[in-house]
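Coordinates from entry.pdb are shown below (PDB, C-alpha atoms (C1' of nucleotides)).
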ATOM      1  CA  MET A   1     101.733 178.236 153.301
ATOM      2  CA  THR A   2     102.110 179.857 156.685
ATOM      3  CA  PHE A   3     104.445 178.771 159.439
ATOM      4  CA  ASP A   4     101.462 177.968 161.647
ATOM      5  CA  LYS A   5      99.768 175.748 159.131
ATOM      6  CA  ALA A   6     102.999 173.858 158.560
ATOM      7  CA  ILE A   7     103.419 173.277 162.282
ATOM      8  CA  ARG A   8      99.848 172.041 162.450
ATOM      9  CA  LEU A   9     100.494 169.563 159.647
ATOM     10  CA  ILE A  10     103.555 168.319 161.429
ATOM     11  CA  ARG A  11     101.703 167.710 164.659
ATOM     12  CA  GLU A  12      98.811 166.051 162.844
ATOM     13  CA  ASN A  13     101.254 163.570 161.388
ATOM     14  CA  GLY A  14     102.683 162.602 164.733
ATOM     15  CA  MET A  15     105.921 164.487 164.262
ATOM     16  CA  LYS A  16     107.389 166.594 167.023
ATOM     17  CA  ARG A  17     107.845 170.335 167.149
ATOM     18  CA  THR A  18     111.569 170.808 167.584
ATOM     19  CA  PRO A  19     113.773 173.916 167.416
ATOM     20  CA  SER A  20     115.324 172.646 164.195
ATOM     21  CA  ARG A  21     111.981 172.265 162.503
ATOM     22  CA  GLU A  22     110.776 175.621 163.708
ATOM     23  CA  ALA A  23     113.867 177.302 162.309
ATOM     24  CA  LEU A  24     113.517 175.507 158.972
ATOM     25  CA  LEU A  25     109.865 176.405 158.596
ATOM     26  CA  ARG A  26     110.413 179.977 159.657
ATOM     27  CA  LEU A  27     113.072 180.281 156.994
ATOM     28  CA  PHE A  28     110.894 178.874 154.229
ATOM     29  CA  ALA A  29     107.942 180.970 155.359
ATOM     30  CA  SER A  30     109.983 184.126 154.907
ATOM     31  CA  ASP A  31     112.027 183.207 151.810
ATOM     32  CA  GLY A  32     110.109 182.510 148.641
ATOM     33  CA  ARG A  33     113.055 181.091 146.727
ATOM     34  CA  TYR A  34     113.998 177.518 145.993
ATOM     35  CA  LEU A  35     116.702 176.560 148.487
ATOM     36  CA  SER A  36     119.074 173.608 148.502
ATOM     37  CA  ALA A  37     120.158 171.851 151.678
ATOM     38  CA  ALA A  38     123.406 173.796 151.505
ATOM     39  CA  ASP A  39     121.538 177.095 151.047
ATOM     40  CA  VAL A  40     119.493 176.325 154.123
ATOM     41  CA  ARG A  41     122.558 175.496 156.152
ATOM     42  CA  GLN A  42     124.141 178.790 155.218
ATOM     43  CA  ALA A  43     120.987 180.751 155.960
ATOM     44  CA  LEU A  44     120.778 179.235 159.420
ATOM     45  CA  ALA A  45     124.517 179.329 160.114
ATOM     46  CA  TYR A  46     124.215 182.212 162.548
ATOM     47  CA  GLU A  47     121.029 181.246 164.365
ATOM     48  CA  HIS A  48     121.631 177.497 164.421
ATOM     49  CA  PRO A  49     125.282 176.794 163.716
ATOM     50  CA  ALA A  50     124.994 173.310 165.172
ATOM     51  CA  MET A  51     122.246 172.102 162.869
ATOM     52  CA  SER A  52     123.740 169.377 160.729
ATOM     53  CA  LEU A  53     123.148 168.790 157.070
ATOM     54  CA  ASP A  54     121.746 165.381 157.970
ATOM     55  CA  THR A  55     118.962 166.971 159.930
ATOM     56  CA  ILE A  56     118.275 169.399 157.134
ATOM     57  CA  TYR A  57     118.079 166.645 154.531
ATOM     58  CA  ARG A  58     115.863 164.493 156.696
ATOM     59  CA  ASN A  59     113.453 167.276 157.512
ATOM     60  CA  LEU A  60     113.238 168.723 154.038
ATOM     61  CA  SER A  61     112.347 165.281 152.721
ATOM     62  CA  SER A  62     109.690 164.829 155.388
ATOM     63  CA  PHE A  63     108.236 168.263 154.729
ATOM     64  CA  ALA A  64     108.074 167.576 151.014
ATOM     65  CA  GLU A  65     106.246 164.323 151.669
ATOM     66  CA  LEU A  66     103.661 166.123 153.793
ATOM     67  CA  GLY A  67     103.138 168.680 151.051
ATOM     68  CA  ILE A  68     104.572 171.516 153.130
ATOM     69  CA  LEU A  69     107.390 172.084 150.644
ATOM     70  CA  GLU A  70     107.570 171.893 146.868
ATOM     71  CA  GLU A  71     110.599 170.227 145.378
ATOM     72  CA  THR A  72     112.521 170.620 142.146
ATOM     73  CA  GLU A  73     115.828 169.607 140.638
ATOM     74  CA  LEU A  74     117.981 172.571 139.681
ATOM     75  CA  GLY A  75     121.569 172.315 138.544
ATOM     76  CA  GLY A  76     121.904 168.812 139.910
ATOM     77  CA  GLU A  77     120.641 169.777 143.360
ATOM     78  CA  ARG A  78     117.342 169.112 145.097
ATOM     79  CA  LYS A  79     115.802 172.448 145.939
ATOM     80  CA  PHE A  80     112.776 173.282 148.038
ATOM     81  CA  ARG A  81     110.396 176.157 148.621
ATOM     82  CA  MET A  82     107.253 176.619 150.667
ATOM     83  CA  HIS A  83     104.234 175.162 148.947
ATOM     84  CA  CYS A  84     101.876 177.777 147.499
ATOM     85  CA  ASP A  85      98.393 177.540 148.994
ATOM     86  CA  ARG A  86      96.880 179.764 146.340
ATOM     87  CA  ASP A  87      93.792 178.652 144.487
ATOM     88  CA  GLY A  88      94.490 177.006 141.225
ATOM     89  CA  HIS A  89      97.336 174.922 140.016
ATOM     90  CA  HIS A  90     100.198 176.952 138.633
ATOM     91  CA  HIS A  91     103.908 176.924 137.799
ATOM     92  CA  HIS A  92     106.932 179.112 138.381
ATOM     93  CA  PHE A  93     109.458 181.358 136.772
ATOM     94  CA  ILE A  94     112.835 181.056 138.501
ATOM     95  CA  CYS A  95     115.536 183.721 138.322
ATOM     96  CA  MET A  96     118.877 182.071 137.653
ATOM     97  CA  GLU A  97     120.698 184.961 139.270
ATOM     98  CA  CYS A  98     118.984 185.601 142.608
ATOM     99  CA  GLY A  99     116.638 182.637 142.829
ATOM    100  CA  ARG A 100     113.530 184.791 142.960
ATOM    101  CA  THR A 101     110.404 182.970 141.822
ATOM    102  CA  GLU A 102     107.298 184.300 140.177
ATOM    103  CA  GLU A 103     104.023 182.437 139.934
ATOM    104  CA  LEU A 104     102.673 181.719 136.469
ATOM    105  CA  ASP A 105      98.907 181.425 136.237
ATOM    106  CA  LEU A 106      99.185 178.963 133.452
ATOM    107  CA  CYS A 107      99.220 175.222 133.069
ATOM    108  CA  PRO A 108      99.684 173.610 129.683
ATOM    109  CA  MET A 109      98.338 170.244 130.771
ATOM    110  CA  ASP A 110      94.757 170.727 129.615
ATOM    111  CA  GLU A 111      95.977 171.164 126.078
ATOM    112  CA  ALA A 112      98.676 168.527 126.402
ATOM    113  CA  ALA A 113      96.280 165.863 127.672
ATOM    114  CA  GLY A 114      94.291 166.169 124.458
ATOM    115  CA  LEU A 115      97.384 165.296 122.461
ATOM    116  CA  LEU A 116      97.900 162.035 124.334
ATOM    117  CA  PRO A 117      94.826 159.842 123.902
ATOM    118  CA  GLY A 118      95.282 156.486 125.612
ATOM    119  CA  PHE A 119      98.129 157.713 127.790
ATOM    120  CA  THR A 120      97.831 157.870 131.556
ATOM    121  CA  ILE A 121      99.239 161.134 132.854
ATOM    122  CA  GLU A 122     100.644 161.093 136.363
ATOM    123  CA  ASP A 123     102.737 164.186 136.649
ATOM    124  CA  HIS A 124     104.243 167.065 134.746
ATOM    125  CA  LYS A 125     106.762 169.812 135.100
ATOM    126  CA  PHE A 126     106.780 173.278 133.627
ATOM    127  CA  GLU A 127     109.403 175.770 134.719
ATOM    128  CA  VAL A 128     110.710 178.952 133.136
ATOM    129  CA  TYR A 129     114.269 180.090 133.798
ATOM    130  CA  GLY A 130     115.820 183.494 133.211
ATOM    131  CA  ARG A 131     116.518 186.778 134.918
ATOM    132  CA  CYS A 132     114.122 188.934 136.864
ATOM    133  CA  PRO A 133     113.974 192.656 135.993
ATOM    134  CA  ASP A 134     116.446 193.550 138.772
ATOM    135  CA  CYS A 135     119.042 190.995 137.722
ATOM    136  CA  ALA A 136     118.535 191.648 134.009
ATOM    137  CA  VAL A 137     119.496 195.276 134.563
ATOM    138  CA  ALA A 138     122.529 194.395 136.655
ATOM    139  CA  LYS A 139     123.949 192.333 133.803
TER     140      LYS A 139
ATOM    141  CA  MET B   1     118.953 163.173 114.137
ATOM    142  CA  THR B   2     120.577 160.483 112.048
ATOM    143  CA  PHE B   3     123.782 158.645 112.835
ATOM    144  CA  ASP B   4     125.420 160.148 109.763
ATOM    145  CA  LYS B   5     124.585 163.715 110.648
ATOM    146  CA  ALA B   6     125.908 163.188 114.156
ATOM    147  CA  ILE B   7     129.189 161.824 112.813
ATOM    148  CA  ARG B   8     129.451 164.812 110.500
ATOM    149  CA  LEU B   9     128.971 167.206 113.410
ATOM    150  CA  ILE B  10     131.655 165.414 115.341
ATOM    151  CA  ARG B  11     134.154 165.673 112.526
ATOM    152  CA  GLU B  12     133.304 169.313 111.922
ATOM    153  CA  ASN B  13     134.186 170.035 115.508
ATOM    154  CA  GLY B  14     137.591 168.445 115.282
ATOM    155  CA  MET B  15     136.640 165.365 117.229
ATOM    156  CA  LYS B  16     137.685 161.919 116.117
ATOM    157  CA  ARG B  17     135.543 159.080 114.872
ATOM    158  CA  THR B  18     136.231 156.265 117.297
ATOM    159  CA  PRO B  19     134.559 152.880 117.795
ATOM    160  CA  SER B  20     133.187 154.057 121.139
ATOM    161  CA  ARG B  21     131.531 157.082 119.626
ATOM    162  CA  GLU B  22     130.128 155.087 116.743
ATOM    163  CA  ALA B  23     128.579 152.609 119.133
ATOM    164  CA  LEU B  24     127.105 155.361 121.290
ATOM    165  CA  LEU B  25     125.592 157.205 118.355
ATOM    166  CA  ARG B  26     124.258 154.033 116.797
ATOM    167  CA  LEU B  27     122.524 153.240 120.062
ATOM    168  CA  PHE B  28     120.925 156.663 120.369
ATOM    169  CA  ALA B  29     119.931 156.643 116.708
ATOM    170  CA  SER B  30     117.973 153.421 117.238
ATOM    171  CA  ASP B  31     116.589 154.012 120.729
ATOM    172  CA  GLY B  32     114.260 156.967 121.174
ATOM    173  CA  ARG B  33     114.222 156.835 124.965
ATOM    174  CA  TYR B  34     116.069 158.944 127.484
ATOM    175  CA  LEU B  35     119.056 156.899 128.660
ATOM    176  CA  SER B  36     121.340 157.394 131.636
ATOM    177  CA  ALA B  37     125.042 156.621 131.527
ATOM    178  CA  ALA B  38     124.300 153.360 133.328
ATOM    179  CA  ASP B  39     121.546 152.501 130.817
ATOM    180  CA  VAL B  40     123.988 153.047 127.986
ATOM    181  CA  ARG B  41     126.600 150.880 129.620
ATOM    182  CA  GLN B  42     124.126 148.059 129.985
ATOM    183  CA  ALA B  43     122.879 148.416 126.428
ATOM    184  CA  LEU B  44     126.420 148.166 125.104
ATOM    185  CA  ALA B  45     127.562 145.493 127.562
ATOM    186  CA  TYR B  46     127.556 142.770 124.933
ATOM    187  CA  GLU B  47     128.948 144.658 121.961
ATOM    188  CA  HIS B  48     131.465 146.793 123.895
ATOM    189  CA  PRO B  49     132.045 145.260 127.312
ATOM    190  CA  ALA B  50     135.278 147.195 127.739
ATOM    191  CA  MET B  51     133.790 150.640 127.299
ATOM    192  CA  SER B  52     134.129 152.399 130.628
ATOM    193  CA  LEU B  53     131.602 154.626 132.277
ATOM    194  CA  ASP B  54     134.171 157.428 132.113
ATOM    195  CA  THR B  55     134.148 157.303 128.364
ATOM    196  CA  ILE B  56     130.384 157.229 128.303
ATOM    197  CA  TYR B  57     130.088 160.252 130.591
ATOM    198  CA  ARG B  58     132.678 162.219 128.657
ATOM    199  CA  ASN B  59     131.130 161.523 125.287
ATOM    200  CA  LEU B  60     127.545 162.078 126.322
ATOM    201  CA  SER B  61     128.541 165.471 127.693
ATOM    202  CA  SER B  62     130.369 166.356 124.497
ATOM    203  CA  PHE B  63     127.473 165.220 122.339
ATOM    204  CA  ALA B  64     125.038 167.268 124.387
ATOM    205  CA  GLU B  65     127.232 170.342 123.964
ATOM    206  CA  LEU B  66     127.257 169.878 120.197
ATOM    207  CA  GLY B  67     123.481 169.594 120.171
ATOM    208  CA  ILE B  68     123.538 165.971 119.082
ATOM    209  CA  LEU B  69     121.817 164.831 122.253
ATOM    210  CA  GLU B  70     119.081 166.371 124.389
ATOM    211  CA  GLU B  71     119.544 166.190 128.112
ATOM    212  CA  THR B  72     117.166 166.038 131.047
ATOM    213  CA  GLU B  73     117.234 165.278 134.755
ATOM    214  CA  LEU B  74     115.044 162.323 135.684
ATOM    215  CA  GLY B  75     114.971 160.733 139.100
ATOM    216  CA  GLY B  76     118.234 162.360 140.077
ATOM    217  CA  GLU B  77     120.064 161.084 136.993
ATOM    218  CA  ARG B  78     121.217 162.886 133.876
ATOM    219  CA  LYS B  79     119.511 161.248 130.926
ATOM    220  CA  PHE B  80     120.049 161.721 127.205
ATOM    221  CA  ARG B  81     118.269 161.056 123.942
ATOM    222  CA  MET B  82     118.963 161.860 120.326
ATOM    223  CA  HIS B  83     118.035 165.416 119.485
ATOM    224  CA  CYS B  84     114.861 165.726 117.385
ATOM    225  CA  ASP B  85     115.503 167.459 114.090
ATOM    226  CA  ARG B  86     111.824 168.001 113.420
ATOM    227  CA  ASP B  87     110.543 171.412 112.477
ATOM    228  CA  GLY B  88     109.253 173.395 115.340
ATOM    229  CA  HIS B  89     110.122 173.494 118.949
ATOM    230  CA  HIS B  90     108.319 170.901 121.003
ATOM    231  CA  HIS B  91     108.375 168.924 124.257
ATOM    232  CA  HIS B  92     107.987 165.331 125.362
ATOM    233  CA  PHE B  93     105.811 162.899 127.186
ATOM    234  CA  ILE B  94     107.912 160.290 128.991
ATOM    235  CA  CYS B  95     106.594 156.889 130.052
ATOM    236  CA  MET B  96     107.719 156.174 133.611
ATOM    237  CA  GLU B  97     107.463 152.444 132.987
ATOM    238  CA  CYS B  98     109.296 151.770 129.728
ATOM    239  CA  GLY B  99     110.876 155.144 129.040
ATOM    240  CA  ARG B 100     109.094 155.585 125.729
ATOM    241  CA  THR B 101     108.820 159.202 124.666
ATOM    242  CA  GLU B 102     106.169 160.939 122.621
ATOM    243  CA  GLU B 103     106.554 164.322 121.015
ATOM    244  CA  LEU B 104     104.131 167.031 122.067
ATOM    245  CA  ASP B 105     103.473 169.684 119.450
ATOM    246  CA  LEU B 106     102.946 172.263 122.083
ATOM    247  CA  CYS B 107     104.996 174.904 123.811
ATOM    248  CA  PRO B 108     103.523 177.062 126.539
ATOM    249  CA  MET B 109     106.232 179.695 126.305
ATOM    250  CA  ASP B 110     104.414 182.100 124.014
ATOM    251  CA  GLU B 111     101.683 182.468 126.559
ATOM    252  CA  ALA B 112     104.058 182.392 129.508
ATOM    253  CA  ALA B 113     106.249 185.150 128.106
ATOM    254  CA  GLY B 114     103.274 187.485 128.110
ATOM    255  CA  LEU B 115     102.857 186.947 131.835
ATOM    256  CA  LEU B 116     106.417 188.047 132.573
ATOM    257  CA  PRO B 117     106.933 191.599 131.328
ATOM    258  CA  GLY B 118     110.396 192.866 132.145
ATOM    259  CA  PHE B 119     111.793 189.388 132.724
ATOM    260  CA  THR B 120     114.504 187.932 130.507
ATOM    261  CA  ILE B 121     113.679 184.363 129.598
ATOM    262  CA  GLU B 122     116.616 182.095 128.890
ATOM    263  CA  ASP B 123     115.269 178.596 129.087
ATOM    264  CA  HIS B 124     112.286 176.511 130.052
ATOM    265  CA  LYS B 125     111.295 172.949 130.686
ATOM    266  CA  PHE B 126     108.012 171.221 130.047
ATOM    267  CA  GLU B 127     107.726 167.490 130.471
ATOM    268  CA  VAL B 128     104.780 165.183 130.981
ATOM    269  CA  TYR B 129     105.205 161.921 132.873
ATOM    270  CA  GLY B 130     102.909 158.925 132.964
ATOM    271  CA  ARG B 131     102.263 155.599 131.299
ATOM    272  CA  CYS B 132     101.974 154.889 127.623
ATOM    273  CA  PRO B 133      98.963 152.835 126.425
ATOM    274  CA  ASP B 134     100.958 149.582 126.541
ATOM    275  CA  CYS B 135     102.219 150.077 130.064
ATOM    276  CA  ALA B 136      98.905 151.445 131.321
ATOM    277  CA  VAL B 137      97.218 148.195 130.287
ATOM    278  CA  ALA B 138      99.919 146.047 131.854
ATOM    279  CA  LYS B 139      99.303 147.664 135.223
TER     280      LYS B 139
ATOM    281  C1'  DC C   1     154.207 161.446 114.432
ATOM    282  C1'  DT C   2     150.978 164.244 116.802
ATOM    283  C1'  DC C   3     147.222 165.057 119.387
ATOM    284  C1'  DT C   4     142.995 163.117 120.916
ATOM    285  C1'  DC C   5     140.713 159.492 123.189
ATOM    286  C1'  DT C   6     140.438 155.881 126.553
ATOM    287  C1'  DG C   7     140.775 153.100 130.884
ATOM    288  C1'  DC C   8     142.276 153.184 135.414
ATOM    289  C1'  DA C   9     142.176 154.958 139.807
ATOM    290  C1'  DA C  10     141.192 158.440 142.814
ATOM    291  C1'  DA C  11     138.595 162.415 144.050
ATOM    292  C1'  DT C  12     134.374 164.994 144.437
ATOM    293  C1'  DA C  13     129.446 166.434 145.387
ATOM    294  C1'  DG C  14     125.112 165.564 147.009
ATOM    295  C1'  DT C  15     122.585 162.620 149.679
ATOM    296  C1'  DT C  16     121.358 158.584 152.733
ATOM    297  C1'  DT C  17     121.802 155.432 156.668
ATOM    298  C1'  DG C  18     123.129 153.030 161.339
ATOM    299  C1'  DC C  19     123.829 154.050 165.795
ATOM    300  C1'  DA C  20     123.825 155.954 170.454
ATOM    301  C1'  DG C  21     122.615 159.742 173.139
ATOM    302  C1'  DC C  22     119.409 163.944 173.716
ATOM    303  C1'  DG C  23     115.014 165.913 174.319
ATOM    304  C1'  DG C  24     109.821 166.716 173.291
ATOM    305  C1'  DC C  25     105.523 165.336 175.247
TER     306       DC C  25
ATOM    307  C1'  DG D   1     109.987 157.265 180.751
ATOM    308  C1'  DC D   2     109.053 156.364 175.887
ATOM    309  C1'  DC D   3     109.849 157.149 171.328
ATOM    310  C1'  DG D   4     111.094 160.225 167.978
ATOM    311  C1'  DC D   5     114.852 163.512 166.745
ATOM    312  C1'  DT D   6     119.640 164.763 166.244
ATOM    313  C1'  DG D   7     124.724 164.701 165.360
ATOM    314  C1'  DC D   8     128.402 161.898 164.117
ATOM    315  C1'  DA D   9     130.616 158.988 161.117
ATOM    316  C1'  DA D  10     130.473 156.083 157.422
ATOM    317  C1'  DA D  11     128.439 154.463 153.219
ATOM    318  C1'  DC D  12     126.563 155.234 148.745
ATOM    319  C1'  DT D  13     125.467 157.046 144.036
ATOM    320  C1'  DA D  14     126.271 159.668 140.198
ATOM    321  C1'  DT D  15     129.739 162.163 138.181
ATOM    322  C1'  DT D  16     134.385 164.369 137.300
ATOM    323  C1'  DT D  17     139.385 164.660 136.864
ATOM    324  C1'  DG D  18     144.686 163.511 136.457
ATOM    325  C1'  DC D  19     147.534 160.601 134.319
ATOM    326  C1'  DA D  20     149.878 157.501 131.107
ATOM    327  C1'  DG D  21     149.334 154.504 127.386
ATOM    328  C1'  DA D  22     146.591 153.271 122.928
ATOM    329  C1'  DG D  23     144.854 154.699 118.659
ATOM    330  C1'  DA D  24     142.898 157.928 114.830
ATOM    331  C1'  DG D  25     144.361 160.987 111.134
TER     332       DG D  25
END
What's the structure tokens form of this structure?
Amino acid sequence: MTFDKAIRLIRENGMKRTPSREALLRLFASDGRYLSAADVRQALAYEHPAMSLDTIYRNLSSFAELGILEETELGGERKFRMHCDRDGHHHHFICMECGRTEELDLCPMDEAAGLLPGFTIEDHKFEVYGRCPDCAVAK
Amino acid sequence: MTFDKAIRLIRENGMKRTPSREALLRLFASDGRYLSAADVRQALAYEHPAMSLDTIYRNLSSFAELGILEETELGGERKFRMHCDRDGHHHHFICMECGRTEELDLCPMDEAAGLLPGFTIEDHKFEVYGRCPDCAVAK
DNA sequence: CTCTCTGCAAATAGTTTGCAGCGGC
DNA sequence: GCCGCTGCAAACTATTTGCAGAGAG
């Protein structure tokens, strides 16, 4: 998702365009990795040293609710990345070393649903963890 | 995994057979759901009211390391269930209402690996969430 | 008798909330 | 100027750790 579209969504939902939010969205628009609140704070330490963790937490949660960010739980932390606008539902590979993500054009749910007659499916999670080619070499 | 096999694993790793551990393993052997430390405490409140959360945390972590328990992150909590000894790698459906789990004879990794040439895959997670037939009706 | 396990208490990490002032619109 | 946004401080939740005594082998 682009920075502009995210801003539009924010305005459409009656939220204000503030410097904090601009900085957060700009960061996520340019960094494809999953970032924790602490990661975000560090990334913005130079540009926005005054931005508090509270603000980061509050905004990341709001953004996730609006569908601007995708959320996952990684190593006991909530992590976020910009939502992919691409056609088609898909999942991600996540590099444990550098955090790089790769889209996987694959969703096992069609098959899985057939194995669960009578069950109501509401959500699912499929993530692959490992090392990207760069980090695999470095090891 | 059976209670007896779990006890054997514990002994083989130089750990002692204590009343706490017996109670924990007996619980997991009879309850197929994913349980948090707090869930376990409540389940054992009558039989072992003195067992502290500390003990529960420490033992669940040890058991998970030995492969006796499987671990997952659900709603921001670490949850555990007895490891399935069944042949073949598989995943789970988890009922969001009652916690019931269902085994899914399906793993998307074979396909996924083909989409990631040059990447080193170390782990993956595939879980399906929803309501089991009983809970779907109750809604 | 030794060495592990346990409960207690305190510490820690990540996250959330109440409040009063600041700042978009 | 109004109402939402922010920083501060404090609270909260889940979890971990140091320590000294209790208990398994």
Given the PyMOL selection byres ((chain B) within 8 of (chain A)) and the file above, list the residues it selects as an mmCIF file with C-alpha atoms, keeping the file's coordinate frame.
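This went into selection_24.cif:
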data_model
loop_
_atom_site.group_PDB
_atom_site.id
_atom_site.type_symbol
_atom_site.label_atom_id
_atom_site.label_comp_id
_atom_site.auth_asym_id
_atom_site.auth_seq_id
_atom_site.Cartn_x
_atom_site.Cartn_y
_atom_site.Cartn_z
ATOM 1 C CA GLU B 73 117.234 165.278 134.755
ATOM 2 C CA GLY B 76 118.234 162.360 140.077
ATOM 3 C CA LEU B 104 104.131 167.031 122.067
ATOM 4 C CA LEU B 106 102.946 172.263 122.083
ATOM 5 C CA PRO B 108 103.523 177.062 126.539
ATOM 6 C CA ALA B 112 104.058 182.392 129.508
ATOM 7 C CA LEU B 115 102.857 186.947 131.835
ATOM 8 C CA GLY B 118 110.396 192.866 132.145
ATOM 9 C CA PHE B 119 111.793 189.388 132.724
ATOM 10 C CA THR B 120 114.504 187.932 130.507
ATOM 11 C CA ILE B 121 113.679 184.363 129.598
ATOM 12 C CA GLU B 122 116.616 182.095 128.890
ATOM 13 C CA ASP B 123 115.269 178.596 129.087
ATOM 14 C CA HIS B 124 112.286 176.511 130.052
ATOM 15 C CA LYS B 125 111.295 172.949 130.686
ATOM 16 C CA PHE B 126 108.012 171.221 130.047
ATOM 17 C CA GLU B 127 107.726 167.490 130.471
ATOM 18 C CA VAL B 128 104.780 165.183 130.981
ATOM 19 C CA TYR B 129 105.205 161.921 132.873
ATOM 20 C CA GLY B 130 102.909 158.925 132.964
ATOM 21 C CA ARG B 131 102.263 155.599 131.299
ATOM 22 C CA CYS B 132 101.974 154.889 127.623
ATOM 23 C CA PRO B 133 98.963 152.835 126.425
ATOM 24 C CA ALA B 136 98.905 151.445 131.321
#
Under the PyMOL selection byres ((chain C) within 10 of (chain B)), which residues of this model are included? Write them out as a PyMOL selection string.
chain C and resi 4-8
Given the file shown, enumerate the residues that the PyMOL selection byres ((chain D) within 12 of (chain B)) captures and present them as a compact mmCIF listing (two decimals) with C-alpha atoms (C1' of nucleotides), keeping the file's coordinate frame.
# COMPACT_ATOMS: atom_id res chain seq x y z
C1' DT D 13 125.47 157.05 144.04
C1' DA D 14 126.27 159.67 140.20
C1' DT D 15 129.74 162.16 138.18
C1' DT D 16 134.38 164.37 137.30
C1' DT D 17 139.38 164.66 136.86
C1' DG D 23 144.85 154.70 118.66
C1' DA D 24 142.90 157.93 114.83
C1' DG D 25 144.36 160.99 111.13
Expressed in Å to a single decimal, how great is the separation between atom CA of Tyr34 of chain B and atom CA of Asp4 of chain B?
20.1 Å
Please write out, as JSON, where the centre of an axis-aligned box around all listed atoms of segment 15-21 of chain A lies and how long its edges are, in Å to one decimal, after adding 3 Å on each side.
{"center_x": 110.6, "center_y": 169.2, "center_z": 165.0, "size_x": 15.4, "size_y": 15.4, "size_z": 11.1}
Which polymer residues have any atom within 10 Å of an atom of DG18 of chain C, counting only C-alpha atoms (C1' of nucleotides), with same-chain residues fewer than 5 positions away left out, as a ChimeraX atom specification?
/D:9-11
